[in-house]
Amino acid sequence: MLQPLPRLSPLLALAIAALPLQAQEMAVPGPLTIFLDCRTRCDGQFLRVELDRVNWVSDRTAADVHVIATGLSTGAGGREVTLAFLGRGRLAGLADTIAFRTNPDATDDGYRREFLRVLELGLVRYELASGNGRGLVVGTRDTEVAAVPALPANDPWKLWIFQVGVDLEVDAESRQKQLRVDTDLEAGRTTEDWKIRVNLGRRIDRTTFTLDEGEEFTANRDRWSGSGLLVRSVSSHWSVGLAGGFRSSKPDNLDLRFGMSPAVEWDLYPYEEATRRQLTLLYTVGFTRYDYTEETIYGKLRETRPQHTLRIGYETRQPWGTASLTGNAATFLDDWARNSLGISGQLEVRLARGLEVDIEARYSRIRDQITIPKGDATDQEIFLELRDLATDYQANLQVGFSYTFGSFFNTIVNPRFDPLD
């Protein structure tokens, strides 16, 4: 004879009924969805192939984790890459930042494998929090750039880095030939307290045209240039320095121009936060010496002018995109009417899922063109840009929209016919 089942309290019955649903949710949490917002060098195809346990999405609103990758140059010529991890949706509130550094001689493969290693480490916390930690193990991977060596006790180079480069370009057509040779020498030294940069460059740029009558005309755009910078860190917000340089260029009507300017810079945010945001004021004051190739429209063959400049710049990298705004003002101290004002900005914003807008604009009001040579420019000089032309302003505006729709979850990589894709 069957015994009647005992009666359950309503609260206990509700708890038992909820068990299968809870077990189901815990058993199948679903893989992480990742949106990589890269503002530095990234090999997206490599990352998707190697890190296939997550779902890569092309819109941040569909992601569990938004990863922002930014980079800065190191004193040795390598890169410091910072990965900011921002949880979204079910992982909202979780945030981490991890940085790694690469050697200047690191290969592309070594760089991307170190990027992958650090990215995987950063995602561990989010996989555990989402219930995807099952099966994760701790291991090691050999990479070229896994560890940047600490500063040696006895460095024979005293932290100095040198780079020499030569670029040769030759173009030829039946009636036109061009030769361009760029030679550059750079030297630099960076410590926590000091930053030194020296650059020397020489360009040979000549284009020969064969005219209808068989006569040849050669356009000469050769130039010399050099610059130097010495910066002293005063605090996490202040720096002082000295900047100088020279230039020789016939298209600019300059046999020689050289100058030197002390400078001071203030950053509202600590310099340590430069990968994510900066608001800087940079002021310089000094002199510039001009030796002209031809007499200028002001009747000068040489002159020395005192001048000062002020630059205000803001840049931020946020989950919604990137924004920057820069303002410049410069004037001669002995003639304030000769001045220039400029403003430029760039905005990259994801307005909605799949919708992005890119805006870039520049405008300069020019009142300080003192190098313009006297006399009218020939047609050849105008068309071949062999001579500066007087102007009151320069302006540029670029606006672009892009909209991506469809599946945001396709992680398949197929490199076939990439040159034609």
# chains A, B, ... in the order shown; residues from 1 in each chain; ligands from 1
>>> residues_around(residues="Gln163 of chain A", least_positions_apart="6", cutoff="8 Å", atoms="only C-alpha atoms", output="ChimeraX atom specification")
/A:184-187
>>> write_last_selection(atoms="N, CA and C atoms", output="PDB file, in the first residue's frame")
ATOM      1  N   ASP A 184      69.241  59.764 -41.993  1.00  0.00           N
ATOM      2  CA  ASP A 184      68.888  60.247 -40.655  1.00  0.00           C
ATOM      3  C   ASP A 184      69.824  59.661 -39.616  1.00  0.00           C
ATOM      4  N   LEU A 185      70.198  60.494 -38.681  1.00  0.00           N
ATOM      5  CA  LEU A 185      70.975  60.072 -37.524  1.00  0.00           C
ATOM      6  C   LEU A 185      70.254  60.547 -36.281  1.00  0.00           C
ATOM      7  N   GLU A 186      69.921  59.616 -35.388  1.00  0.00           N
ATOM      8  CA  GLU A 186      69.218  59.953 -34.155  1.00  0.00           C
ATOM      9  C   GLU A 186      69.995  59.424 -32.956  1.00  0.00           C
ATOM     10  N   ALA A 187      69.985  60.199 -31.902  1.00  0.00           N
ATOM     11  CA  ALA A 187      70.595  59.781 -30.644  1.00  0.00           C
ATOM     12  C   ALA A 187      69.679  60.218 -29.510  1.00  0.00           C
TER      13      ALA A 187
END
>>> closest_atom_pairs(of="segment 75-130 of chain A", to="segment 30-52 of chain A", cutoff="9 Å", atoms="only C-alpha atoms", output="JSON lines")
{"residue": "A:Val81", "atom": "CA", "partner": "A:Thr40", "partner_atom": "CA", "distance": 7.7}
{"residue": "A:Arg112", "atom": "CA", "partner": "A:Asp43", "partner_atom": "CA", "distance": 6.5}
{"residue": "A:Arg113", "atom": "CA", "partner": "A:Leu47", "partner_atom": "CA", "distance": 8.7}
{"residue": "A:Phe115", "atom": "CA", "partner": "A:Cys42", "partner_atom": "CA", "distance": 8.0}
{"residue": "A:Leu116", "atom": "CA", "partner": "A:Leu47", "partner_atom": "CA", "distance": 6.4}
{"residue": "A:Glu120", "atom": "CA", "partner": "A:Leu51", "partner_atom": "CA", "distance": 7.8}
{"residue": "A:Tyr126", "atom": "CA", "partner": "A:Leu32", "partner_atom": "CA", "distance": 8.0}
{"residue": "A:Glu127", "atom": "CA", "partner": "A:Leu32", "partner_atom": "CA", "distance": 6.8}
{"residue": "A:Ser130", "atom": "CA", "partner": "A:Leu32", "partner_atom": "CA", "distance": 7.6}
>>> select_by_dssp(residues="segment 195-409 of chain A", states="alpha helix (DSSP H)", output="ChimeraX atom specification")
/A:379-383
>>> atom_distance(atom1="atom CA of Arg305 of chain A", atom2="atom CA of Trp336 of chain A")
11.5 Å
>>> atom_distance(atom1="atom CA of Arg277 of chain A", atom2="atom CA of Val198 of chain A")
26.9 Å
>>> closest_atom_pairs(of="segment 262-364 of chain A", to="segment 232-239 of chain A", cutoff="12 Å", atoms="only C-alpha atoms", output="Markdown table")
| residue | atom | partner | partner_atom | distance |
| --- | --- | --- | --- | --- |
| A:Pro262 | CA | A:Ser239 | CA | 11.2 |
| A:Ala263 | CA | A:Ser239 | CA | 8.5 |
| A:Val264 | CA | A:Ser239 | CA | 5.8 |
| A:Glu265 | CA | A:Ser239 | CA | 5.2 |
| A:Trp266 | CA | A:Trp238 | CA | 4.7 |
| A:Asp267 | CA | A:His237 | CA | 4.9 |
| A:Leu268 | CA | A:His237 | CA | 6.5 |
| A:Tyr269 | CA | A:His237 | CA | 6.7 |
| A:Pro270 | CA | A:Ser236 | CA | 5.1 |
| A:Tyr271 | CA | A:Ser236 | CA | 5.7 |
| A:Glu272 | CA | A:Ser236 | CA | 7.6 |
| A:Glu273 | CA | A:Ser236 | CA | 9.9 |
| A:Ala274 | CA | A:Ser236 | CA | 11.0 |
| A:Gln278 | CA | A:His237 | CA | 10.5 |
| A:Leu279 | CA | A:His237 | CA | 10.2 |
| A:Thr280 | CA | A:His237 | CA | 9.1 |
| A:Leu281 | CA | A:Trp238 | CA | 9.8 |
| A:Leu282 | CA | A:Ser239 | CA | 9.4 |
| A:Tyr283 | CA | A:Ser239 | CA | 10.9 |
>>> select_by_dssp(residues="segment 181-355 of chain A", states="strand (DSSP E)", output="PyMOL selection string")
chain A and resi 181-190+194-210+216-220+223-233+238-249+254-267+277-292+302-318+321-332+335-352+355
>>> residues_around(residues="segment 338-345 of chain A", least_positions_apart="2", cutoff="7 Å", atoms="only C-alpha atoms", output="CSV table (one decimal) with C-alpha atoms, in the first residue's frame")
chain,number,residue,atom,x,y,z
A,324,SER,CA,42.1,65.2,-28.9
A,325,LEU,CA,42.2,68.9,-29.2
A,326,THR,CA,45.2,71.1,-29.7
A,327,GLY,CA,45.6,74.9,-29.8
A,328,ASN,CA,48.8,76.7,-30.9
A,329,ALA,CA,49.7,80.4,-30.7
A,330,ALA,CA,53.0,82.0,-31.8
A,331,THR,CA,54.2,85.5,-32.3
A,332,PHE,CA,57.4,87.6,-32.7
A,335,ASP,CA,56.3,92.5,-33.8
A,336,TRP,CA,53.1,91.1,-32.3
A,347,LEU,CA,37.3,62.6,-32.6
A,360,GLU,CA,39.4,65.4,-38.0
A,361,ALA,CA,39.8,69.2,-38.5
A,362,ARG,CA,42.6,71.7,-38.7
A,363,TYR,CA,42.6,75.5,-39.1
A,364,SER,CA,45.4,78.0,-38.9
A,365,ARG,CA,45.3,81.8,-39.3
A,366,ILE,CA,48.7,82.8,-40.7
A,367,ARG,CA,50.2,86.3,-40.2
A,368,ASP,CA,53.9,85.5,-39.8
>>> residues_around(residues="Arg180 of chain A", least_positions_apart="4", cutoff="9 Å", atoms="only C-alpha atoms", output="ChimeraX atom specification")
/A:167-171,203-207,222
>>> closest_residue(among="A:Arg289, A:Gly78, A:Asn199, A:Phe217", to="Tyr111 of chain A", atoms="only C-alpha atoms")
A:Gly78
>>> closest_residue(among="A:Glu294, A:Asp358, A:Glu315, A:Asp109", to="Arg276 of chain A", atoms="only C-alpha atoms")
A:Glu315
>>> closest_residue(among="A:Leu119, A:Lys177, A:Thr97, A:Phe405", to="Thr208 of chain A", atoms="only C-alpha atoms")
A:Lys177
>>> closest_residue(among="A:Leu136, A:Ala219, A:Val357, A:Leu301", to="Trp320 of chain A", atoms="only C-alpha atoms")
A:Val357
>>> closest_residue(among="A:Lys374, A:Arg175, A:Arg88, A:Arg387", to="Glu295 of chain A", atoms="only C-alpha atoms")
A:Lys374
>>> residues_around(residues="Ala352 of chain A", least_positions_apart="4", cutoff="12 Å", atoms="only C-alpha atoms", output="PDB file with N, CA and C atoms, in the first residue's frame")
ATOM      1  N   ASP A  59      31.882  44.929 -31.707  1.00  0.00           N
ATOM      2  CA  ASP A  59      31.223  46.079 -31.111  1.00  0.00           C
ATOM      3  C   ASP A  59      31.306  45.963 -29.600  1.00  0.00           C
ATOM      4  N   ARG A  60      31.703  47.044 -28.947  1.00  0.00           N
ATOM      5  CA  ARG A  60      31.931  46.985 -27.497  1.00  0.00           C
ATOM      6  C   ARG A  60      30.653  46.707 -26.718  1.00  0.00           C
ATOM      7  N   THR A  61      29.485  47.090 -27.263  1.00  0.00           N
ATOM      8  CA  THR A  61      28.240  46.871 -26.527  1.00  0.00           C
ATOM      9  C   THR A  61      27.861  45.400 -26.465  1.00  0.00           C
ATOM     10  N   ALA A  62      28.478  44.572 -27.293  1.00  0.00           N
ATOM     11  CA  ALA A  62      28.197  43.137 -27.283  1.00  0.00           C
ATOM     12  C   ALA A  62      29.234  42.353 -26.483  1.00  0.00           C
ATOM     13  N   TRP A 320      34.432  54.741 -25.062  1.00  0.00           N
ATOM     14  CA  TRP A 320      33.589  55.200 -26.171  1.00  0.00           C
ATOM     15  C   TRP A 320      34.392  55.649 -27.377  1.00  0.00           C
ATOM     16  N   GLY A 321      35.717  55.843 -27.226  1.00  0.00           N
ATOM     17  CA  GLY A 321      36.534  56.276 -28.351  1.00  0.00           C
ATOM     18  C   GLY A 321      37.697  57.135 -27.908  1.00  0.00           C
ATOM     19  N   GLU A 356      30.071  54.184 -36.042  1.00  0.00           N
ATOM     20  CA  GLU A 356      31.235  54.957 -35.614  1.00  0.00           C
ATOM     21  C   GLU A 356      31.381  56.191 -36.492  1.00  0.00           C
ATOM     22  N   VAL A 357      31.817  57.298 -35.880  1.00  0.00           N
ATOM     23  CA  VAL A 357      32.071  58.535 -36.610  1.00  0.00           C
ATOM     24  C   VAL A 357      33.499  58.978 -36.326  1.00  0.00           C
ATOM     25  N   PHE A 401      31.878  58.248 -41.642  1.00  0.00           N
ATOM     26  CA  PHE A 401      30.968  57.406 -40.877  1.00  0.00           C
ATOM     27  C   PHE A 401      31.139  55.960 -41.336  1.00  0.00           C
ATOM     28  N   SER A 402      31.011  55.055 -40.415  1.00  0.00           N
ATOM     29  CA  SER A 402      30.999  53.635 -40.771  1.00  0.00           C
ATOM     30  C   SER A 402      29.949  52.928 -39.931  1.00  0.00           C
ATOM     31  N   TYR A 403      29.273  51.991 -40.560  1.00  0.00           N
ATOM     32  CA  TYR A 403      28.242  51.226 -39.861  1.00  0.00           C
ATOM     33  C   TYR A 403      28.425  49.755 -40.187  1.00  0.00           C
ATOM     34  N   THR A 404      28.598  48.968 -39.150  1.00  0.00           N
ATOM     35  CA  THR A 404      28.777  47.531 -39.292  1.00  0.00           C
ATOM     36  C   THR A 404      27.590  46.828 -38.670  1.00  0.00           C
ATOM     37  N   PHE A 405      26.999  45.887 -39.408  1.00  0.00           N
ATOM     38  CA  PHE A 405      25.872  45.147 -38.854  1.00  0.00           C
ATOM     39  C   PHE A 405      25.968  43.691 -39.288  1.00  0.00           C
TER      40      PHE A 405
END
>>> decode(residues="segment 151-227 of chain A", atoms="C-alpha atoms", output="compact mmCIF listing (two decimals), in the first residue's frame")
# COMPACT_ATOMS: atom_id res chain seq x y z
CA LEU A 151 69.07 48.55 -15.94
CA PRO A 152 72.58 47.06 -15.71
CA ALA A 153 74.92 48.16 -12.95
CA ASN A 154 77.66 48.94 -15.50
CA ASP A 155 76.22 50.03 -18.85
CA PRO A 156 79.04 50.98 -21.26
CA TRP A 157 76.57 53.06 -23.31
CA LYS A 158 75.24 54.94 -20.26
CA LEU A 159 71.65 54.44 -21.56
CA TRP A 160 72.40 56.18 -24.89
CA ILE A 161 70.61 54.82 -27.95
CA PHE A 162 71.74 55.57 -31.53
CA GLN A 163 70.01 54.93 -34.83
CA VAL A 164 71.25 55.49 -38.38
CA GLY A 165 68.91 55.15 -41.34
CA VAL A 166 69.18 55.51 -45.10
CA ASP A 167 66.18 55.31 -47.47
CA LEU A 168 66.61 55.27 -51.24
CA GLU A 169 63.73 55.69 -53.69
CA VAL A 170 64.04 55.72 -57.49
CA ASP A 171 61.06 56.23 -59.83
CA ALA A 172 61.34 56.26 -63.59
CA GLU A 173 58.99 56.91 -66.50
CA SER A 174 59.72 57.73 -70.12
CA ARG A 175 59.62 61.48 -69.46
CA GLN A 176 60.09 61.71 -65.72
CA LYS A 177 62.71 60.44 -63.29
CA GLN A 178 62.90 60.94 -59.55
CA LEU A 179 65.66 60.27 -57.06
CA ARG A 180 65.13 60.64 -53.32
CA VAL A 181 67.63 59.73 -50.63
CA ASP A 182 66.86 60.27 -46.93
CA THR A 183 69.64 59.98 -44.37
CA ASP A 184 68.89 60.25 -40.66
CA LEU A 185 70.98 60.07 -37.52
CA GLU A 186 69.22 59.95 -34.15
CA ALA A 187 70.59 59.78 -30.64
CA GLY A 188 68.72 59.73 -27.37
CA ARG A 189 68.93 59.04 -23.68
CA THR A 190 65.97 58.63 -21.33
CA THR A 191 65.86 58.30 -17.56
CA GLU A 192 63.20 59.07 -14.98
CA ASP A 193 64.72 62.54 -14.53
CA TRP A 194 66.16 63.40 -17.96
CA LYS A 195 65.18 63.12 -21.62
CA ILE A 196 67.67 63.94 -24.40
CA ARG A 197 66.98 63.80 -28.15
CA VAL A 198 69.26 64.75 -31.06
CA ASN A 199 68.33 64.37 -34.73
CA LEU A 200 70.22 65.17 -37.95
CA GLY A 201 68.66 64.64 -41.37
CA ARG A 202 69.64 65.13 -45.01
CA ARG A 203 67.26 64.73 -47.95
CA ILE A 204 68.23 64.67 -51.62
CA ASP A 205 65.04 65.03 -53.67
CA ARG A 206 65.35 65.72 -57.38
CA THR A 207 62.89 65.14 -60.18
CA THR A 208 63.85 65.50 -63.85
CA PHE A 209 61.19 66.19 -66.50
CA THR A 210 61.62 65.93 -70.28
CA LEU A 211 59.63 68.72 -71.92
CA ASP A 212 57.93 68.61 -75.33
CA GLU A 213 60.88 70.33 -76.98
CA GLY A 214 63.26 67.72 -75.59
CA GLU A 215 64.65 70.08 -72.96
CA GLU A 216 65.14 68.72 -69.45
CA PHE A 217 64.03 70.53 -66.29
CA THR A 218 65.15 69.42 -62.81
CA ALA A 219 63.17 70.25 -59.68
CA ASN A 220 65.47 70.41 -56.64
CA ARG A 221 63.89 69.96 -53.21
CA ASP A 222 67.04 69.15 -51.23
CA ARG A 223 67.18 70.06 -47.55
CA TRP A 224 69.16 69.77 -44.34
CA SER A 225 67.58 69.73 -40.91
CA GLY A 226 68.46 69.04 -37.32
CA SER A 227 66.91 69.31 -33.87
